[in-house]
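A.B. asks: Below is a structure I'd like to ask you about.
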Amino acid sequence: AMKYGFISAGGGVWYSQTLSLLSPGDRVWVNIPRTGYVGVGKVIEAVDRADKVFFEINGQKKTIYEISERGDYLKEHKADDDMAEYIVKVEWIKTVSKENAIKETGFFGNQNSVCKPSSKKWQHTVNRLKEIWSIV
């Protein structure tokens with residue numbers, strides 16, 4: 001996801017449907033549950049099923065299934081609208097490795113793939129990440 005510029009979710013509508021909350025231009029803060037925040041990026045394309053999203057690699061358009069080095073991205077369900085993996089392309093502003101994830105007491109966390117929080121914890125989390133990562 002960091003290498004090719006995207007976030008994704010799948011394996012059921014409950015996991016993937018919230019990706020539709022994102023629109024081009026939105027900022028997305030990426031949190032790995034129980035690990036910490038690993039990135040922030042700007043959405044550049046709205047959500048679509050993974051087999052319909054193309055990445056340009058050496059002048060050729062390829063799906064995640066053709067370029068993935070690690071995950072299978074629910075390949076066995078790629079044509080199933082309910083179970084498929086869905087992708088939102090992003091332009092990364094800042095990323096860190098999983099080992100360098102930022103986690104502090106009081107940070108906002110949520111079990112949904114995407115949410116639009118309004119709690120005080122969220123504002124604290126964003127302000128602190130901006131400070132740590134020197135983001136305007």
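Lettering and numbering for the structure tokens are positional, with chains as A, B, ... in the shown order, residues counted from 1 in each chain, and ligands counted from 1 in the shown order.
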Within 12 Å of segment 89-94 of chain A, counting only C-alpha atoms, which residues show up once you throw out same-chain ones fewer than 5 positions away? Write them as a ChimeraX atom specification, please.
C.D. replies: /A:1-8,19,22-30,37-50,52-55,64,101,129-130,132-136
A.B. asks: Mind checking which residues fall within 12 Å of segment 105-111 of chain A, counting only C-alpha atoms, ignoring those fewer than 6 positions away in the same chain, and posting them as a PyMOL selection string?
C.D. replies: chain A and resi 14-15+18+29-37+117-129
A.B. asks: DSSP on the backbone: which residues in segment 17-135 of chain A end up as strand (DSSP E)? Give the answer as number ranges by chain.
C.D. replies: A: 27-32, 36-43, 48-49, 55-57, 60-62, 85-95
A.B. asks: Based on the selection just made, write C-alpha atoms of those residues as a PDB file, in the first residue's frame.
C.D. replies:
ATOM      1  CA  ARG A  27      -6.870  13.549   3.930  1.00  0.00           C
ATOM      2  CA  VAL A  28      -6.635  10.049   5.400  1.00  0.00           C
ATOM      3  CA  TRP A  29      -4.695   9.090   8.527  1.00  0.00           C
ATOM      4  CA  VAL A  30      -3.768   5.394   8.586  1.00  0.00           C
ATOM      5  CA  ASN A  31      -3.803   3.504  11.869  1.00  0.00           C
ATOM      6  CA  ILE A  32      -2.907  -0.173  12.252  1.00  0.00           C
ATOM      7  CA  GLY A  36      -0.206   2.796  15.744  1.00  0.00           C
ATOM      8  CA  TYR A  37      -0.360   5.388  12.986  1.00  0.00           C
ATOM      9  CA  VAL A  38       1.815   4.662   9.960  1.00  0.00           C
ATOM     10  CA  GLY A  39       0.840   7.315   7.446  1.00  0.00           C
ATOM     11  CA  VAL A  40      -1.148  10.203   6.157  1.00  0.00           C
ATOM     12  CA  GLY A  41      -2.130  10.785   2.563  1.00  0.00           C
ATOM     13  CA  LYS A  42      -4.435  12.647   0.219  1.00  0.00           C
ATOM     14  CA  VAL A  43      -7.133  10.696  -1.598  1.00  0.00           C
ATOM     15  CA  ASP A  48     -13.442   0.891  -6.556  1.00  0.00           C
ATOM     16  CA  ARG A  49     -13.220  -2.879  -6.509  1.00  0.00           C
ATOM     17  CA  PHE A  55      -1.487   1.172 -11.230  1.00  0.00           C
ATOM     18  CA  GLU A  56       0.984   2.305 -13.860  1.00  0.00           C
ATOM     19  CA  ILE A  57       4.111   0.172 -13.655  1.00  0.00           C
ATOM     20  CA  GLN A  60       1.830  -0.653 -18.239  1.00  0.00           C
ATOM     21  CA  LYS A  61      -1.463  -0.635 -16.328  1.00  0.00           C
ATOM     22  CA  LYS A  62      -1.697  -3.455 -13.815  1.00  0.00           C
ATOM     23  CA  GLU A  85     -11.164  -6.130  -1.727  1.00  0.00           C
ATOM     24  CA  TYR A  86     -11.751  -2.427  -2.437  1.00  0.00           C
ATOM     25  CA  ILE A  87      -9.052   0.168  -3.047  1.00  0.00           C
ATOM     26  CA  VAL A  88      -8.792   3.939  -2.609  1.00  0.00           C
ATOM     27  CA  LYS A  89      -5.719   5.443  -4.282  1.00  0.00           C
ATOM     28  CA  VAL A  90      -3.804   7.984  -2.213  1.00  0.00           C
ATOM     29  CA  GLU A  91      -0.797  10.233  -2.582  1.00  0.00           C
ATOM     30  CA  TRP A  92       1.255   9.711   0.559  1.00  0.00           C
ATOM     31  CA  ILE A  93       2.291  12.798   2.492  1.00  0.00           C
ATOM     32  CA  LYS A  94       4.173  10.842   5.165  1.00  0.00           C
ATOM     33  CA  THR A  95       4.633   7.143   5.891  1.00  0.00           C
TER      34      THR A  95
END
A.B. asks: Select, from A:Asn112, A:Gly11, A:Glu131, A:Lys103, the residue with the minimum atom-to-atom distance to His77 of chain A, counting only C-alpha atoms.
C.D. replies: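 Closest to His77 of chain A, using only C-alpha atoms: A:Gly11.
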A.B. asks: Quick one: DSSP helix (DSSP H, G or I) residues in segment 3-129 of chain A, as number ranges by chain?
C.D. replies: A: 13-21, 50-52, 64-67, 75-77, 98-100, 120-129
A.B. asks: Could you work out how far atom CA of Val96 of chain A lies from atom CA of Cys115 of chain A, giving the answer in Å with one decimal?
C.D. replies: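 Taking atom CA of Cys115 of chain A and atom CA of Val96 of chain A, their separation equals 21.3 Å.
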A.B. asks: If I take atom CA of Tyr73 of chain A and atom CA of Gly59 of chain A, how far is one from the other in Å, to one decimal?
C.D. replies: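 Atom CA of Gly59 of chain A lies at a distance of 23.0 Å from atom CA of Tyr73 of chain A.
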A.B. asks: If I take atom CA of Lys78 of chain A and atom CA of Gly10 of chain A, how far is one from the other in Å, to one decimal?
C.D. replies: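 The value is 9.8 Å.
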